[in-house]
file protein-v1.txt (compact mmCIF, C-alpha atoms (C1' of nucleotides))
# COMPACT_ATOMS: atom_id res chain seq x y z
CA MET A 262 24.99 11.90 -12.25
CA PRO A 263 23.67 8.93 -10.34
CA SER A 264 21.38 9.41 -7.39
CA TYR A 265 21.55 7.54 -4.13
CA TRP A 266 18.85 5.87 -2.05
CA LEU A 267 18.26 3.87 1.08
CA CYS A 268 15.85 0.92 1.00
CA LYS A 269 14.74 -0.80 4.18
CA THR A 270 14.08 -4.50 4.40
CA GLU A 271 13.46 -6.92 7.21
CA PRO A 272 16.24 -9.48 6.83
CA SER A 273 13.99 -12.24 8.18
CA VAL A 274 11.93 -11.61 5.04
CA TYR A 275 14.62 -10.62 2.55
CA SER A 276 18.22 -9.85 3.48
CA ILE A 277 21.38 -8.65 1.73
CA ALA A 278 22.47 -12.31 1.72
CA ASP A 279 19.31 -13.19 -0.20
CA LEU A 280 20.11 -10.44 -2.71
CA ARG A 281 23.66 -11.73 -3.10
CA ARG A 282 22.26 -15.19 -3.79
CA ASP A 283 19.65 -13.92 -6.26
CA GLY A 284 21.87 -11.38 -8.02
CA VAL A 285 18.89 -9.29 -9.12
CA THR A 286 15.48 -9.06 -7.49
CA GLY A 287 12.26 -7.11 -7.92
CA TRP A 288 11.88 -4.86 -4.86
CA GLU A 289 8.30 -5.98 -4.21
CA CYS A 290 5.60 -5.22 -1.68
CA ILE A 291 6.10 -1.46 -1.27
CA ARG A 292 2.63 -0.13 -0.44
CA ASN A 293 3.29 3.49 0.36
CA TYR A 294 2.65 6.18 -2.23
CA GLN A 295 5.67 8.31 -1.41
CA ALA A 296 8.01 5.33 -1.58
CA ARG A 297 6.36 4.21 -4.81
CA ASN A 298 6.80 7.66 -6.32
CA PHE A 299 10.51 7.63 -5.50
CA MET A 300 10.91 4.24 -7.16
CA ARG A 301 8.71 5.00 -10.14
CA ASP A 302 9.67 8.61 -10.88
CA SER A 303 13.01 9.42 -9.33
CA MET A 304 15.19 6.32 -9.51
CA SER A 305 17.33 5.75 -12.59
CA PRO A 306 19.34 2.77 -13.78
CA GLY A 307 22.78 2.90 -12.18
CA ASP A 308 21.62 4.61 -8.99
CA ARG A 309 23.23 3.17 -5.88
CA VAL A 310 21.10 1.92 -3.00
CA LEU A 311 22.03 1.37 0.63
CA ILE A 312 20.34 -1.81 1.84
CA TYR A 313 19.13 -1.27 5.40
CA HIS A 314 18.16 -4.10 7.73
CA SER A 315 15.27 -3.11 9.99
CA ASN A 316 13.74 -5.09 12.85
CA ALA A 317 16.99 -7.01 13.02
CA GLU A 318 20.01 -7.74 15.16
CA PRO A 319 21.91 -5.70 14.35
CA THR A 320 19.87 -3.04 12.63
CA GLY A 321 21.70 -0.86 10.12
CA VAL A 322 23.12 -0.66 6.61
CA ALA A 323 24.18 -4.10 5.45
CA GLY A 324 25.38 -3.47 1.92
CA VAL A 325 24.88 -1.84 -1.44
CA ALA A 326 22.70 -2.54 -4.49
CA GLU A 327 22.22 -0.89 -7.88
CA VAL A 328 19.05 0.04 -9.73
CA VAL A 329 18.70 -1.85 -13.01
CA GLY A 330 16.10 -1.22 -15.71
CA GLU A 331 12.98 0.89 -15.64
CA ALA A 332 10.06 0.83 -13.22
CA ARG A 333 7.66 -2.07 -13.67
CA ALA A 334 4.46 -3.25 -12.04
CA ASP A 335 4.86 -5.12 -8.77
CA PRO A 336 3.43 -8.59 -9.60
CA THR A 337 2.26 -9.24 -6.03
CA GLN A 338 -0.55 -6.66 -6.44
CA PHE A 339 -2.24 -8.96 -9.00
CA ASP A 340 -1.94 -12.15 -6.94
CA PRO A 341 -5.20 -12.85 -5.06
CA LYS A 342 -3.32 -15.19 -2.74
CA SER A 343 -0.74 -12.59 -1.79
CA GLU A 344 -1.10 -10.53 1.34
CA TYR A 345 -0.08 -7.63 -0.93
CA HIS A 346 -2.91 -8.24 -3.39
CA ASP A 347 -4.63 -4.99 -4.40
CA PRO A 348 -8.06 -5.66 -5.94
CA LYS A 349 -8.33 -2.03 -7.02
CA SER A 350 -5.25 -2.26 -9.21
CA THR A 351 -5.47 -3.31 -12.85
CA ARG A 352 -2.84 -4.54 -15.29
CA THR A 353 -3.59 -1.68 -17.65
CA ALA A 354 -3.18 0.87 -14.85
CA PRO A 355 -1.11 -0.77 -12.12
CA ARG A 356 -1.10 1.12 -8.87
CA TRP A 357 2.17 -0.23 -7.44
CA MET A 358 5.44 0.10 -9.32
CA MET A 359 8.85 -1.21 -8.33
CA ARG A 360 12.42 -1.42 -9.56
CA ASP A 361 14.82 -4.27 -9.94
CA LEU A 362 17.84 -4.11 -7.67
CA LYS A 363 21.17 -5.79 -8.41
CA PHE A 364 23.57 -6.95 -5.71
CA VAL A 365 26.75 -4.88 -5.49
CA GLU A 366 28.33 -5.40 -2.09
CA CYS A 367 27.73 -6.97 1.30
CA PHE A 368 29.59 -5.16 4.09
CA THR A 369 31.80 -7.37 6.22
CA GLN A 370 29.97 -5.88 9.16
CA VAL A 371 26.65 -4.04 9.33
CA VAL A 372 27.05 -0.29 9.87
CA GLU A 373 24.76 -0.12 12.86
CA LEU A 374 22.08 2.46 13.46
CA GLU A 375 24.01 3.79 16.46
CA GLU A 376 27.07 4.46 14.27
CA LEU A 377 24.93 6.13 11.63
CA ARG A 378 23.35 8.40 14.23
CA ALA A 379 26.76 9.27 15.67
CA ALA A 380 28.24 10.31 12.30
CA ALA A 381 28.43 14.07 11.82
CA ALA A 382 28.06 13.67 8.05
CA LEU A 383 24.74 11.86 8.47
CA GLN A 384 22.86 14.27 10.72
CA SER A 385 20.53 15.29 7.87
CA MET A 386 20.03 11.88 6.31
CA VAL A 387 16.30 11.49 5.65
CA ALA A 388 16.07 7.91 6.86
CA LEU A 389 17.48 8.91 10.26
CA GLN A 390 15.09 11.78 10.94
CA LYS A 391 12.77 11.46 13.90
CA GLY A 392 9.56 9.69 13.06
CA ASN A 393 10.61 8.73 9.55
CA ARG A 394 9.15 5.39 8.55
CA LEU A 395 9.50 5.55 4.78
CA SER A 396 11.07 2.39 3.40
CA VAL A 397 12.58 4.20 0.39
CA THR A 398 14.38 7.49 1.03
CA PRO A 399 16.83 9.66 -0.91
CA VAL A 400 20.48 9.82 0.17
CA THR A 401 22.97 12.51 -0.87
CA ALA A 402 26.27 11.64 -2.55
CA ALA A 403 28.10 12.84 0.55
CA GLU A 404 25.95 10.71 2.86
CA PHE A 405 26.44 7.68 0.65
CA ALA A 406 30.21 8.18 0.70
CA ALA A 407 30.14 8.63 4.47
CA VAL A 408 28.31 5.33 4.99
CA LEU A 409 30.80 3.51 2.74
CA GLN A 410 33.60 5.08 4.75
CA LEU A 411 32.05 3.86 8.00
CA ALA A 412 31.77 0.39 6.50
CA LYS A 413 35.47 0.36 5.67
CA SER A 414 36.98 2.23 8.61
CA SER A 415 38.19 0.61 11.77
CA LYS A 416 35.83 2.86 13.67
CA GLY A 417 33.01 1.02 11.94
CA ARG A 418 34.10 -2.25 13.45
CA LYS A 419 33.55 -3.70 16.84
CA ARG A 420 36.26 -4.32 19.43
C1' DG B 99 5.33 -6.87 23.62
C1' DC B 100 5.32 -1.79 24.03
C1' DC B 101 4.52 2.44 22.05
C1' DA B 102 5.69 6.84 19.38
C1' DA B 103 4.96 8.57 15.16
C1' DC B 104 3.33 8.36 11.47
C1' DG B 105 -0.29 7.13 7.11
C1' DT B 106 -4.97 5.75 5.67
C1' DT B 107 -9.88 5.37 5.89
C1' DG B 108 -14.43 6.79 6.17
C1' DG B 109 -18.34 9.35 8.31
C1' DC B 110 -20.04 13.72 8.21
C1' DG C 278 -12.26 19.28 3.96
C1' DC C 279 -12.06 17.86 8.79
C1' DC C 280 -10.71 14.64 12.02
C1' DA C 281 -11.38 10.42 14.94
C1' DA C 282 -10.41 5.79 14.68
C1' DC C 283 -7.63 2.52 13.13
C1' DG C 284 -3.51 0.26 11.02
C1' DT C 285 1.52 0.10 10.26
C1' DT C 286 6.42 0.82 11.01
C1' DG C 287 10.32 0.01 13.48
C1' DG C 288 13.36 0.84 17.55
C1' DC C 289 13.77 -0.83 21.91
call {"tool": "encode", "arguments": {"input": "protein-v1.txt", "output": "structure tokens"}}
result
Amino acid sequence: MPSYWLCKTEPSVYSIADLRRDGVTGWECIRNYQARNFMRDSMSPGDRVLIYHSNAEPTGVAGVAEVVGEARADPTQFDPKSEYHDPKSTRTAPRWMMRDLKFVECFTQVVELEELRAAAALQSMVALQKGNRLSVTPVTAAEFAAVLQLAKSSKGRKR
DNA sequence: GCCAACGTTGGC
DNA sequence: GCCAACGTTGGC
């Protein structure tokens, strides 16, 4: 049974279009222990991931990716020039782990935050809870299906 | 740019 | 272990 996730990204930094271009990318620069634990311990190859554009116009779910391979060390933690360099991390015991994500689908139109909040099926979705700032959150199978439905339905489109 | 709602750090 | 100060996230 695959699990489902939502990963946030700022599209001005890395968007669903960038993922489509790259095919597969290391989901780098996560520096929150809870998000790291989800990626390191709870994700499995084949899990589906909603790609969420934050700090964007529009903000919302822009497409779908898939987890490929096992967790591996985030290379940016070892790069002294990176703003994500972590001098306390070592290669033998890396602190920050990430997954590789593979492009699956780019929605024809972003399912906007307002639509997500209005959907009855998404009232309990972790990423939408008040005050939640985690960039990696679990999604139920039903919530995942509901977002895909919004992406495909006419209700999910403008005009 | 503002600011609410977090998470992290460090003194004690 | 407490908690004030500070930093970050992310919608608006």
call {"tool": "closest_residue", "arguments": {"input": "protein-v1.txt", "among": "A:Gln390, A:Thr270, A:Thr353, A:Thr369", "to": "A:Tyr313", "atoms": "only C-alpha atoms"}}
result
A:Thr270
call {"tool": "interface_residues", "arguments": {"input": "protein-v1.txt", "of": "chain C", "to": "chain A", "cutoff": "9 Å", "atoms": "all atoms listed in the file", "output": "mmCIF file with C-alpha atoms (C1' of nucleotides), in the frame of the given file"}}
result
data_model
loop_
_atom_site.group_PDB
_atom_site.id
_atom_site.type_symbol
_atom_site.label_atom_id
_atom_site.label_comp_id
_atom_site.auth_asym_id
_atom_site.auth_seq_id
_atom_site.Cartn_x
_atom_site.Cartn_y
_atom_site.Cartn_z
ATOM 1 C "C1'" DT C 286 6.420 0.820 11.010
ATOM 2 C "C1'" DG C 287 10.320 0.010 13.480
ATOM 3 C "C1'" DG C 288 13.360 0.840 17.550
#
call {"tool": "residues_around", "arguments": {"input": "protein-v1.txt", "residues": "A:Gln295", "least_positions_apart": "4", "cutoff": "10 Å", "atoms": "all atoms listed in the file", "output": "count of residues only"}}
result
8
call {"tool": "atom_distance", "arguments": {"input": "protein-v1.txt", "atom1": "atom CA of A:Leu383", "atom2": "atom CA of A:Tyr294"}}
result
25.2 Å
call {"tool": "residues_around", "arguments": {"input": "protein-v1.txt", "residues": "B:DG105", "least_positions_apart": "4", "cutoff": "9 Å", "atoms": "all atoms listed in the file", "output": "number ranges by chain"}}
result
A: 293; C: 284-285
call {"tool": "closest_residue", "arguments": {"input": "protein-v1.txt", "among": "A:Pro355, A:Gly324, A:Pro348, A:Pro336", "to": "A:Lys413", "atoms": "all atoms listed in the file"}}
result
A:Gly324
call {"tool": "closest_residue", "arguments": {"input": "protein-v1.txt", "among": "A:Pro399, A:Glu289, A:Met359, A:Glu404", "to": "A:Ala381", "atoms": "only C-alpha atoms"}}
result
A:Glu404
